[in-house]
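> Sending over a structure as structure tokens; questions will come in a sec.
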Amino acid sequence: MMRELHRLGAFFFFDRDIPERNAATLIRTLAYQLALFDAQIGDEMSRIVESIPLIAERPLDFQFANLLSAKALQLVEWSGGPIALVIDALDECGGNRDRQILLQALSKGFSYLPSFIRVV
């Protein structure tokens, strides 16, 4: 439904049986899908990635702050209503340590999202 309304900016589901579906890939996958979702966001993501080499190898909280925060996306002028980011099966994101690191990054980062982004 969100896709039909042009509101589904990104979707990520964890799966312990698929190695690429782990905590370490969440932020960069959401950023990549957002870049594909809208050209203006894509241009800003490209600028960010070019200015911070190897950002995908940095800690999750750093990735969040530099890819998904309101500060990172401050130049994006979005007027199309809220964009949804859907994160599914969080309980399958890895071991206790991975889950703890991810939840810390998300809990800190969610408060700094742009006003046009919602997380489900």
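Convention: chains lettered A, B, ... in structure tokens order; per-chain residue numbering from 1; ligands numbered from 1 as shown.
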Considering only C-alpha atoms, return as number ranges by chain whatever protein or nucleic-acid residues lie within 10 Å of range 36-48 of chain A, sequence-local ones (same chain, fewer than 5 positions apart) excluded.
A: 6-10, 30-31, 53, 55, 66-68, 72-78, 83
> Would you mind exporting N, CA and C atoms of the selected residues as an mmCIF file, in the first residue's frame?

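out_11.cif, freshly written:
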```cif
data_model
loop_
_atom_site.group_PDB
_atom_site.id
_atom_site.type_symbol
_atom_site.label_atom_id
_atom_site.label_comp_id
_atom_site.auth_asym_id
_atom_site.auth_seq_id
_atom_site.Cartn_x
_atom_site.Cartn_y
_atom_site.Cartn_z
ATOM 1 N N HIS A 6 3.386 5.954 -3.243
ATOM 2 C CA HIS A 6 4.715 6.554 -3.419
ATOM 3 C C HIS A 6 5.220 7.110 -2.083
ATOM 4 N N ARG A 7 5.093 6.286 -1.042
ATOM 5 C CA ARG A 7 5.539 6.662 0.291
ATOM 6 C C ARG A 7 6.532 5.662 0.877
ATOM 7 N N LEU A 8 6.735 4.518 0.217
ATOM 8 C CA LEU A 8 7.667 3.518 0.739
ATOM 9 C C LEU A 8 9.067 3.853 0.261
ATOM 10 N N GLY A 9 9.817 4.518 1.116
ATOM 11 C CA GLY A 9 11.164 4.932 0.764
ATOM 12 C C GLY A 9 12.157 3.797 0.812
ATOM 13 N N ALA A 10 11.977 2.867 1.764
ATOM 14 C CA ALA A 10 12.908 1.742 1.899
ATOM 15 C C ALA A 10 12.267 0.653 2.759
ATOM 16 N N LEU A 30 19.122 0.930 3.666
ATOM 17 C CA LEU A 30 18.062 1.936 3.712
ATOM 18 C C LEU A 30 18.463 3.189 2.930
ATOM 19 N N ALA A 31 19.703 3.619 3.098
ATOM 20 C CA ALA A 31 20.184 4.804 2.377
ATOM 21 C C ALA A 31 20.166 4.568 0.866
ATOM 22 N N PRO A 53 34.702 8.536 2.126
ATOM 23 C CA PRO A 53 35.090 7.244 1.560
ATOM 24 C C PRO A 53 34.914 6.114 2.577
ATOM 25 N N ILE A 55 32.312 4.771 3.870
ATOM 26 C CA ILE A 55 31.332 4.998 4.924
ATOM 27 C C ILE A 55 30.645 3.703 5.342
ATOM 28 N N ASN A 66 25.343 10.221 9.284
ATOM 29 C CA ASN A 66 25.844 10.822 8.049
ATOM 30 C C ASN A 66 25.049 10.474 6.800
ATOM 31 N N LEU A 67 24.135 9.521 6.901
ATOM 32 C CA LEU A 67 23.323 9.160 5.744
ATOM 33 C C LEU A 67 21.831 9.442 5.914
ATOM 34 N N LEU A 68 21.314 9.267 7.112
ATOM 35 C CA LEU A 68 19.865 9.331 7.301
ATOM 36 C C LEU A 68 19.373 10.478 8.186
ATOM 37 N N ALA A 72 22.179 15.385 7.629
ATOM 38 C CA ALA A 72 22.734 14.826 6.392
ATOM 39 C C ALA A 72 21.848 15.145 5.188
ATOM 40 N N LEU A 73 20.538 15.167 5.404
ATOM 41 C CA LEU A 73 19.590 15.382 4.305
ATOM 42 C C LEU A 73 18.979 16.778 4.320
ATOM 43 N N GLN A 74 19.665 17.730 4.937
ATOM 44 C CA GLN A 74 19.115 19.072 5.087
ATOM 45 C C GLN A 74 18.860 19.783 3.756
ATOM 46 N N LEU A 75 19.578 19.416 2.715
ATOM 47 C CA LEU A 75 19.393 20.078 1.424
ATOM 48 C C LEU A 75 18.238 19.499 0.611
ATOM 49 N N VAL A 76 17.665 18.400 1.095
ATOM 50 C CA VAL A 76 16.539 17.773 0.396
ATOM 51 C C VAL A 76 15.269 18.547 0.733
ATOM 52 N N GLU A 77 14.614 19.041 -0.303
ATOM 53 C CA GLU A 77 13.356 19.769 -0.130
ATOM 54 C C GLU A 77 12.222 18.818 -0.509
ATOM 55 N N TRP A 78 11.685 18.132 0.486
ATOM 56 C CA TRP A 78 10.646 17.140 0.244
ATOM 57 C C TRP A 78 9.302 17.724 0.629
ATOM 58 N N ILE A 83 7.610 9.842 4.181
ATOM 59 C CA ILE A 83 8.234 8.685 3.535
ATOM 60 C C ILE A 83 8.423 7.627 4.614
#
```
> Once DSSP has gone over the backbone, tell me which residues of chain A are in alpha helix (DSSP H), as JSON, numbers by chain.
{"A": [26, 27, 28, 29, 30, 31, 32, 33, 34, 35, 36, 37, 39, 40, 41, 42, 43, 44, 45, 46, 47, 48, 49, 50, 51, 60, 61, 62, 63, 64, 65, 66, 67, 96, 97, 98, 99, 100, 101, 102, 103, 104, 105, 106, 107, 108, 109, 110]}
> List the neighbours of Pro82 in chain A out to 8 Å using only C-alpha atoms; skip same-chain residues closer than 5 positions along the sequence, and give me the result as a tab-separated table (two decimals) with N, CA and C atoms, in the first residue's frame.

```tsv
chain	number	residue	atom	x	y	z
A	7	ARG	N	5.09	6.29	-1.04
A	7	ARG	CA	5.54	6.66	0.29
A	7	ARG	C	6.53	5.66	0.88
A	115	SER	N	12.06	15.42	9.24
A	115	SER	CA	10.63	15.44	9.59
A	115	SER	C	9.77	14.67	8.59
A	116	PHE	N	10.26	14.45	7.38
A	116	PHE	CA	9.46	13.75	6.37
A	116	PHE	C	9.67	12.24	6.36
A	117	ILE	N	10.48	11.71	7.26
A	117	ILE	CA	10.74	10.25	7.31
A	117	ILE	C	10.12	9.66	8.56
A	118	ARG	N	9.40	8.55	8.37
A	118	ARG	CA	8.80	7.79	9.46
A	118	ARG	C	9.33	6.36	9.40
```
> Might you pull out every residue within 9 Å of Asp98 in chain A, with only C-alpha atoms counted and same-chain residues fewer than 3 positions away left off, and present them as a VMD selection string?
chain A and resid 22 to 24 93 to 95 101 to 103
> Grab the CA of Asn96 in chain A to CA of Tyr112 in chain A distance for me, in Å with one decimal place.
24.8 Å
> Compare A:Leu26, A:Met2, A:Ile18, A:Val119 by their minimum atom-to-atom distance to Gln63 in chain A, counting only C-alpha atoms, and give me the closest one.
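So, comparing all the options, the nearest one is A:Leu26.
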> Pick out the residues sitting within 12 Å of Arg58 in chain A, and hand them over as a ChimeraX atom specification; count only C-alpha atoms, and ignore anything fewer than 6 positions along from it in its own chain.
/A:24-25,27-28,49,52,64-67
> Rank A:Leu60, A:Leu5, A:Ala70, A:Val86 by their smallest atom-to-atom distance to Arg99 in chain A, using only C-alpha atoms, and report the top residue only.
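So, comparing all the options, the nearest one is A:Leu60.
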> Once DSSP has gone over the backbone, tell me which residues of chain A are in strand (DSSP E), as a list in words.
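The strand (DSSP E) residues within chain A come out as Leu8, Gly9, Ala10, Phe11, Phe12, Phe13, Ile83, Ala84, Leu85, Val86, Ile87, Asp88, Ile117, Arg118 and Val119 of chain A.
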> Since we have the selection now, will you write its residues out, keeping C-alpha atoms, as a CSV table (one decimal), in the first residue's frame?

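Generated output (result03.csv):
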```csv
chain,number,residue,atom,x,y,z
A,8,LEU,CA,7.7,3.5,0.7
A,9,GLY,CA,11.2,4.9,0.8
A,10,ALA,CA,12.9,1.7,1.9
A,11,PHE,CA,12.2,-1.7,3.2
A,12,PHE,CA,14.6,-4.1,5.1
A,13,PHE,CA,13.9,-7.4,6.6
A,83,ILE,CA,8.2,8.7,3.5
A,84,ALA,CA,8.1,5.3,5.3
A,85,LEU,CA,11.1,3.2,6.2
A,86,VAL,CA,10.0,-0.3,7.1
A,87,ILE,CA,12.3,-2.6,9.2
A,88,ASP,CA,11.0,-6.1,9.7
A,117,ILE,CA,10.7,10.3,7.3
A,118,ARG,CA,8.8,7.8,9.5
A,119,VAL,CA,10.0,4.4,10.6
```
> One decimal, Å: what's the distance from CA of Asp61 in chain A over to CA of Gly109 in chain A, could you say?
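Value for the CA of Asp61 in chain A-CA of Gly109 in chain A distance: 7.0 Å.
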> Hey, can you check how far CA of Asp91 in chain A sits from CA of Phe14 in chain A?
7.8 Å
